[in-house]
Structure formats: structure tokens, C-alpha cells
Amino acid sequence: MEFKQEVETGILKQIGNTEVTLKIKDVADKCRLVRTDNGLKIDCKYTGPNASKYLQYIEKHREELTQYLMNPDNADFYEWMEASHQTAITLKKHEKEKLILYVNYDPETEVMETGIADDNVTLKLGAPLMHIELKDMSRDTFKLNVYNMLLLADEIAIAMGNSDLRKMANIQMVKTYLNEIYDKFHNIMAD
């Protein structure tokens, strides 16, 4: 951190980049929902560094944070929405689009990424659904990641009302295809 002293007052003022970027998960970890006579209220007793930023985040994202705290099983969905800069309104704009789940696997880096794309395999909606490194991943961990990715894709499809994407999130072919990549990768490593 850098400071400069004001000539008139002698007070030190902080200069430079003081912007703190908070994620919904970080804020939710420091909050809880409390039932009041008027309904649910977000309670945050955090007083550590950047406490005012946490309060500003809560004010600005009250609805998403409440949903995040009420539905811990849908936490991935809210984190993806934040990462991809999507809202319920922007997702609805993709209701009638022909969207697919795509898989990209790079054998050199051993990184697999899945996302939502159009027919031209152009990534849509900003953030990948899953980004994993297969190096030391067990089959069970891999299967859990695929399952979580399909749940996330289903939540996104429901939020946008896109029935084609919802069908694709539920098909066995996606799981089979991803398992074939896993098996092929681990057979190469075993040789």
C-alpha cells in the first residue's frame, strides 16, 4: 500500500489500487439468514478488513445472496452466474436459441473444459461450466465433477427456459463421452 501526506492537514491518504473484488461465496461465508417478523434478513457481523465492501456487496446483491444462502445445493449456479456476469433477465434472452454443451480436452495440458455454446461451437454466456485438470483425479472425483456440471447446466437451462439445452444436460451421451476421455487419458498414463 502506498500513502501520501496532504500538505494542508498532514493526514496520510491511501493511494493506488484499493479496489477489492468480492465473490458471492466469500460474502456468504460471513453471513447467515435470520427469520424476522418481516421475513428473512441477511445478518453479517463481519468486522474484518474491507468490512464496508462486504456491506456494500450485501446491499447490491441482496436477492442473489439470499437465494444462495437459502439453497446451498444451488451454490454452483449462483457462482457461475456471477462469473459469467449473467442475471435472470439476461439468461431469459437465450430461451429460444439452439444451444449445446461442448467439451474441450487438451491432451498436452490435461485440462478439460465444458461450456454452453451455439451450433458453431462459440462459447456463450461467458464462463465455463467445468474446468478440471485430469492429472491426479480419481474416477469417482471425475464422475462427481461431471454430475455437478450436468446439474449446473440443468439449472441454467431451467433459468433461461431453454428446453433443448435442458434435454442435452440430461442425456447419457454427455456422461459416456466424458468417461471415454477419462479412460483414454488414464490408459495413456498407464502405458
# chains A, B, ... in the order shown; residues from 1 in each chain; ligands from 1
>>> closest_atom_pairs(of="segment 26-129 of chain A", to="segment 165-171 of chain A", cutoff="10 Å", atoms="only C-alpha atoms", output="Markdown table")
| residue | atom | partner | partner_atom | distance |
| --- | --- | --- | --- | --- |
| A:Glu95 | CA | A:Leu165 | CA | 9.3 |
| A:Lys96 | CA | A:Leu165 | CA | 9.9 |
| A:Glu97 | CA | A:Leu165 | CA | 9.0 |
| A:Lys98 | CA | A:Leu165 | CA | 7.6 |
| A:Leu99 | CA | A:Leu165 | CA | 5.8 |
| A:Ile100 | CA | A:Leu165 | CA | 6.0 |
| A:Leu101 | CA | A:Met168 | CA | 6.9 |
| A:Ile116 | CA | A:Leu165 | CA | 8.6 |
| A:Ala117 | CA | A:Leu165 | CA | 9.9 |
>>> select_by_dssp(residues="segment 48-154 of chain A", states="strand (DSSP E)", output="list of chain:residue names")
A:Ile100, A:Leu101, A:Tyr102, A:Val103, A:Asn104, A:Tyr105, A:Asp106, A:Val111, A:Met112, A:Glu113, A:Thr114, A:Gly115, A:Ile116, A:Ala117, A:Met130, A:His131, A:Ile132, A:Glu133
>>> atom_distance(atom1="atom CA of Lys93 of chain A", atom2="atom CA of Glu79 of chain A")
19.7 Å
>>> atom_distance(atom1="atom CA of Asp118 of chain A", atom2="atom CA of Ile24 of chain A")
27.9 Å
>>> residues_around(residues="Tyr105 of chain A", least_positions_apart="5", cutoff="9 Å", atoms="only C-alpha atoms", output="PyMOL selection string")
chain A and resi 110-114+181
>>> write_last_selection(atoms="N, CA, C and O atoms", output="PDB file, in the first residue's frame")
ATOM      1  N   GLU A 110      -3.737 -31.567 -20.181  1.00  0.00           N
ATOM      2  CA  GLU A 110      -4.630 -32.461 -19.447  1.00  0.00           C
ATOM      3  C   GLU A 110      -5.761 -31.689 -18.777  1.00  0.00           C
ATOM      4  O   GLU A 110      -6.230 -32.040 -17.703  1.00  0.00           O
ATOM      5  N   VAL A 111      -6.210 -30.621 -19.427  1.00  0.00           N
ATOM      6  CA  VAL A 111      -7.303 -29.796 -18.915  1.00  0.00           C
ATOM      7  C   VAL A 111      -8.552 -30.056 -19.749  1.00  0.00           C
ATOM      8  O   VAL A 111      -8.497 -30.071 -20.971  1.00  0.00           O
ATOM      9  N   MET A 112      -9.655 -30.285 -19.060  1.00  0.00           N
ATOM     10  CA  MET A 112     -10.941 -30.461 -19.717  1.00  0.00           C
ATOM     11  C   MET A 112     -11.831 -29.301 -19.297  1.00  0.00           C
ATOM     12  O   MET A 112     -11.879 -28.939 -18.128  1.00  0.00           O
ATOM     13  N   GLU A 113     -12.511 -28.748 -20.290  1.00  0.00           N
ATOM     14  CA  GLU A 113     -13.416 -27.644 -20.028  1.00  0.00           C
ATOM     15  C   GLU A 113     -14.723 -27.912 -20.743  1.00  0.00           C
ATOM     16  O   GLU A 113     -14.721 -28.380 -21.875  1.00  0.00           O
ATOM     17  N   THR A 114     -15.823 -27.664 -20.061  1.00  0.00           N
ATOM     18  CA  THR A 114     -17.128 -27.788 -20.696  1.00  0.00           C
ATOM     19  C   THR A 114     -17.826 -26.437 -20.602  1.00  0.00           C
ATOM     20  O   THR A 114     -17.545 -25.640 -19.708  1.00  0.00           O
ATOM     21  N   ILE A 181     -13.161 -40.047 -22.561  1.00  0.00           N
ATOM     22  CA  ILE A 181     -11.967 -39.197 -22.479  1.00  0.00           C
ATOM     23  C   ILE A 181     -11.154 -39.563 -21.240  1.00  0.00           C
ATOM     24  O   ILE A 181      -9.939 -39.720 -21.300  1.00  0.00           O
TER      25      ILE A 181
END
>>> atom_distance(atom1="atom CA of Tyr102 of chain A", atom2="atom CA of Ala88 of chain A")
22.3 Å
>>> residues_around(residues="segment 50-54 of chain A", least_positions_apart="4", cutoff="9 Å", atoms="only C-alpha atoms", output="ChimeraX atom specification")
/A:20-22,27,30,44,46,58-59
>>> write_last_selection(atoms="C-alpha atoms", output="mmCIF file, in the first residue's frame")
data_model
loop_
_atom_site.group_PDB
_atom_site.id
_atom_site.type_symbol
_atom_site.label_atom_id
_atom_site.label_comp_id
_atom_site.auth_asym_id
_atom_site.auth_seq_id
_atom_site.Cartn_x
_atom_site.Cartn_y
_atom_site.Cartn_z
ATOM 1 C CA VAL A 20 -11.381 -5.268 -3.513
ATOM 2 C CA THR A 21 -13.278 -7.747 -5.691
ATOM 3 C CA LEU A 22 -15.597 -9.916 -3.638
ATOM 4 C CA VAL A 27 -19.560 -12.902 1.355
ATOM 5 C CA LYS A 30 -19.589 -14.455 6.571
ATOM 6 C CA CYS A 44 -23.477 -10.165 8.700
ATOM 7 C CA TYR A 46 -18.086 -9.343 9.843
ATOM 8 C CA ILE A 58 -24.825 -7.318 0.504
ATOM 9 C CA GLU A 59 -26.852 -4.199 -0.350
#
>>> closest_residue(among="A:Asn104, A:Asn148, A:Asn120, A:Thr176", to="Glu133 of chain A", atoms="only C-alpha atoms")
A:Asn104
>>> select_by_dssp(residues="segment 10-189 of chain A", states="alpha helix (DSSP H)", output="ChimeraX atom specification")
/A:24-28,51-60,62-70,75-83,88-92,139-160,163-169,172-189
>>> write_last_selection(atoms="C-alpha atoms", output="PDB file, in the first residue's frame")
ATOM      1  CA  ILE A  24     -20.623 -14.308  -3.623  1.00  0.00           C
ATOM      2  CA  LYS A  25     -19.085 -17.332  -1.872  1.00  0.00           C
ATOM      3  CA  ASP A  26     -16.719 -15.140   0.204  1.00  0.00           C
ATOM      4  CA  VAL A  27     -19.560 -12.902   1.355  1.00  0.00           C
ATOM      5  CA  ALA A  28     -21.949 -15.797   2.012  1.00  0.00           C
ATOM      6  CA  ALA A  51     -15.993  -4.761   6.080  1.00  0.00           C
ATOM      7  CA  SER A  52     -17.628  -1.827   4.312  1.00  0.00           C
ATOM      8  CA  LYS A  53     -17.109  -3.578   0.956  1.00  0.00           C
ATOM      9  CA  TYR A  54     -18.935  -6.629   2.338  1.00  0.00           C
ATOM     10  CA  LEU A  55     -21.869  -4.449   3.413  1.00  0.00           C
ATOM     11  CA  GLN A  56     -21.944  -2.731   0.001  1.00  0.00           C
ATOM     12  CA  TYR A  57     -21.922  -6.149  -1.701  1.00  0.00           C
ATOM     13  CA  ILE A  58     -24.825  -7.318   0.504  1.00  0.00           C
ATOM     14  CA  GLU A  59     -26.852  -4.199  -0.350  1.00  0.00           C
ATOM     15  CA  LYS A  60     -26.204  -4.508  -4.084  1.00  0.00           C
ATOM     16  CA  ARG A  62     -29.294  -8.917  -1.598  1.00  0.00           C
ATOM     17  CA  GLU A  63     -31.622 -11.101  -3.696  1.00  0.00           C
ATOM     18  CA  GLU A  64     -28.871 -13.359  -5.142  1.00  0.00           C
ATOM     19  CA  LEU A  65     -27.198 -13.674  -1.741  1.00  0.00           C
ATOM     20  CA  THR A  66     -30.490 -14.617  -0.078  1.00  0.00           C
ATOM     21  CA  GLN A  67     -31.110 -17.298  -2.726  1.00  0.00           C
ATOM     22  CA  TYR A  68     -27.520 -18.534  -2.320  1.00  0.00           C
ATOM     23  CA  LEU A  69     -27.946 -18.875   1.457  1.00  0.00           C
ATOM     24  CA  MET A  70     -31.408 -20.471   1.151  1.00  0.00           C
ATOM     25  CA  ALA A  75     -24.369 -22.574  -4.889  1.00  0.00           C
ATOM     26  CA  ASP A  76     -22.567 -23.558  -8.125  1.00  0.00           C
ATOM     27  CA  PHE A  77     -25.345 -21.917 -10.145  1.00  0.00           C
ATOM     28  CA  TYR A  78     -25.045 -18.586  -8.330  1.00  0.00           C
ATOM     29  CA  GLU A  79     -21.242 -18.685  -8.534  1.00  0.00           C
ATOM     30  CA  TRP A  80     -21.467 -19.402 -12.282  1.00  0.00           C
ATOM     31  CA  MET A  81     -23.966 -16.546 -12.734  1.00  0.00           C
ATOM     32  CA  GLU A  82     -21.531 -14.197 -11.040  1.00  0.00           C
ATOM     33  CA  ALA A  83     -18.509 -15.449 -13.014  1.00  0.00           C
ATOM     34  CA  ALA A  88     -32.147 -13.924 -14.585  1.00  0.00           C
ATOM     35  CA  ILE A  89     -33.098 -11.332 -17.222  1.00  0.00           C
ATOM     36  CA  THR A  90     -30.045 -11.879 -19.443  1.00  0.00           C
ATOM     37  CA  LEU A  91     -30.462 -15.662 -19.245  1.00  0.00           C
ATOM     38  CA  LYS A  92     -34.082 -15.418 -20.419  1.00  0.00           C
ATOM     39  CA  ARG A 139     -12.628 -41.813 -11.423  1.00  0.00           C
ATOM     40  CA  ASP A 140     -15.039 -41.040  -8.554  1.00  0.00           C
ATOM     41  CA  THR A 141     -13.868 -37.426  -8.348  1.00  0.00           C
ATOM     42  CA  PHE A 142     -14.189 -37.121 -12.120  1.00  0.00           C
ATOM     43  CA  LYS A 143     -17.714 -38.589 -12.084  1.00  0.00           C
ATOM     44  CA  LEU A 144     -18.725 -36.197  -9.301  1.00  0.00           C
ATOM     45  CA  ASN A 145     -17.421 -33.245 -11.348  1.00  0.00           C
ATOM     46  CA  VAL A 146     -19.389 -34.415 -14.416  1.00  0.00           C
ATOM     47  CA  TYR A 147     -22.520 -34.886 -12.318  1.00  0.00           C
ATOM     48  CA  ASN A 148     -22.162 -31.409 -10.789  1.00  0.00           C
ATOM     49  CA  MET A 149     -21.588 -29.927 -14.257  1.00  0.00           C
ATOM     50  CA  LEU A 150     -24.770 -31.559 -15.589  1.00  0.00           C
ATOM     51  CA  LEU A 151     -26.739 -30.277 -12.580  1.00  0.00           C
ATOM     52  CA  LEU A 152     -25.384 -26.782 -13.245  1.00  0.00           C
ATOM     53  CA  ALA A 153     -26.262 -26.994 -16.957  1.00  0.00           C
ATOM     54  CA  ASP A 154     -29.771 -28.110 -15.986  1.00  0.00           C
ATOM     55  CA  GLU A 155     -30.184 -25.179 -13.561  1.00  0.00           C
ATOM     56  CA  ILE A 156     -29.048 -22.748 -16.282  1.00  0.00           C
ATOM     57  CA  ALA A 157     -31.441 -24.326 -18.811  1.00  0.00           C
ATOM     58  CA  ILE A 158     -34.326 -24.010 -16.334  1.00  0.00           C
ATOM     59  CA  ALA A 159     -33.434 -20.369 -15.572  1.00  0.00           C
ATOM     60  CA  MET A 160     -33.437 -19.483 -19.268  1.00  0.00           C
ATOM     61  CA  SER A 163     -35.859 -26.927 -23.355  1.00  0.00           C
ATOM     62  CA  ASP A 164     -33.210 -28.005 -25.918  1.00  0.00           C
ATOM     63  CA  LEU A 165     -30.375 -27.244 -23.519  1.00  0.00           C
ATOM     64  CA  ARG A 166     -32.264 -28.965 -20.714  1.00  0.00           C
ATOM     65  CA  LYS A 167     -32.547 -32.165 -22.802  1.00  0.00           C
ATOM     66  CA  MET A 168     -28.836 -32.039 -23.543  1.00  0.00           C
ATOM     67  CA  ALA A 169     -27.956 -31.640 -19.858  1.00  0.00           C
ATOM     68  CA  GLN A 172     -26.412 -40.185 -21.171  1.00  0.00           C
ATOM     69  CA  MET A 173     -24.235 -39.390 -24.199  1.00  0.00           C
ATOM     70  CA  VAL A 174     -22.502 -36.494 -22.390  1.00  0.00           C
ATOM     71  CA  LYS A 175     -21.532 -38.712 -19.467  1.00  0.00           C
ATOM     72  CA  THR A 176     -20.413 -41.514 -21.785  1.00  0.00           C
ATOM     73  CA  TYR A 177     -18.320 -39.174 -23.924  1.00  0.00           C
ATOM     74  CA  LEU A 178     -16.615 -37.627 -20.894  1.00  0.00           C
ATOM     75  CA  ASN A 179     -15.934 -41.071 -19.405  1.00  0.00           C
ATOM     76  CA  GLU A 180     -14.330 -42.166 -22.699  1.00  0.00           C
ATOM     77  CA  ILE A 181     -11.967 -39.197 -22.479  1.00  0.00           C
ATOM     78  CA  TYR A 182     -11.144 -40.112 -18.878  1.00  0.00           C
ATOM     79  CA  ASP A 183     -10.487 -43.768 -19.770  1.00  0.00           C
ATOM     80  CA  LYS A 184      -8.367 -42.858 -22.786  1.00  0.00           C
ATOM     81  CA  PHE A 185      -6.295 -40.431 -20.724  1.00  0.00           C
ATOM     82  CA  HIS A 186      -5.678 -42.920 -17.925  1.00  0.00           C
ATOM     83  CA  ASN A 187      -4.819 -45.726 -20.367  1.00  0.00           C
ATOM     84  CA  ILE A 188      -2.133 -43.481 -21.881  1.00  0.00           C
ATOM     85  CA  MET A 189      -0.770 -42.732 -18.423  1.00  0.00           C
TER      86      MET A 189
END
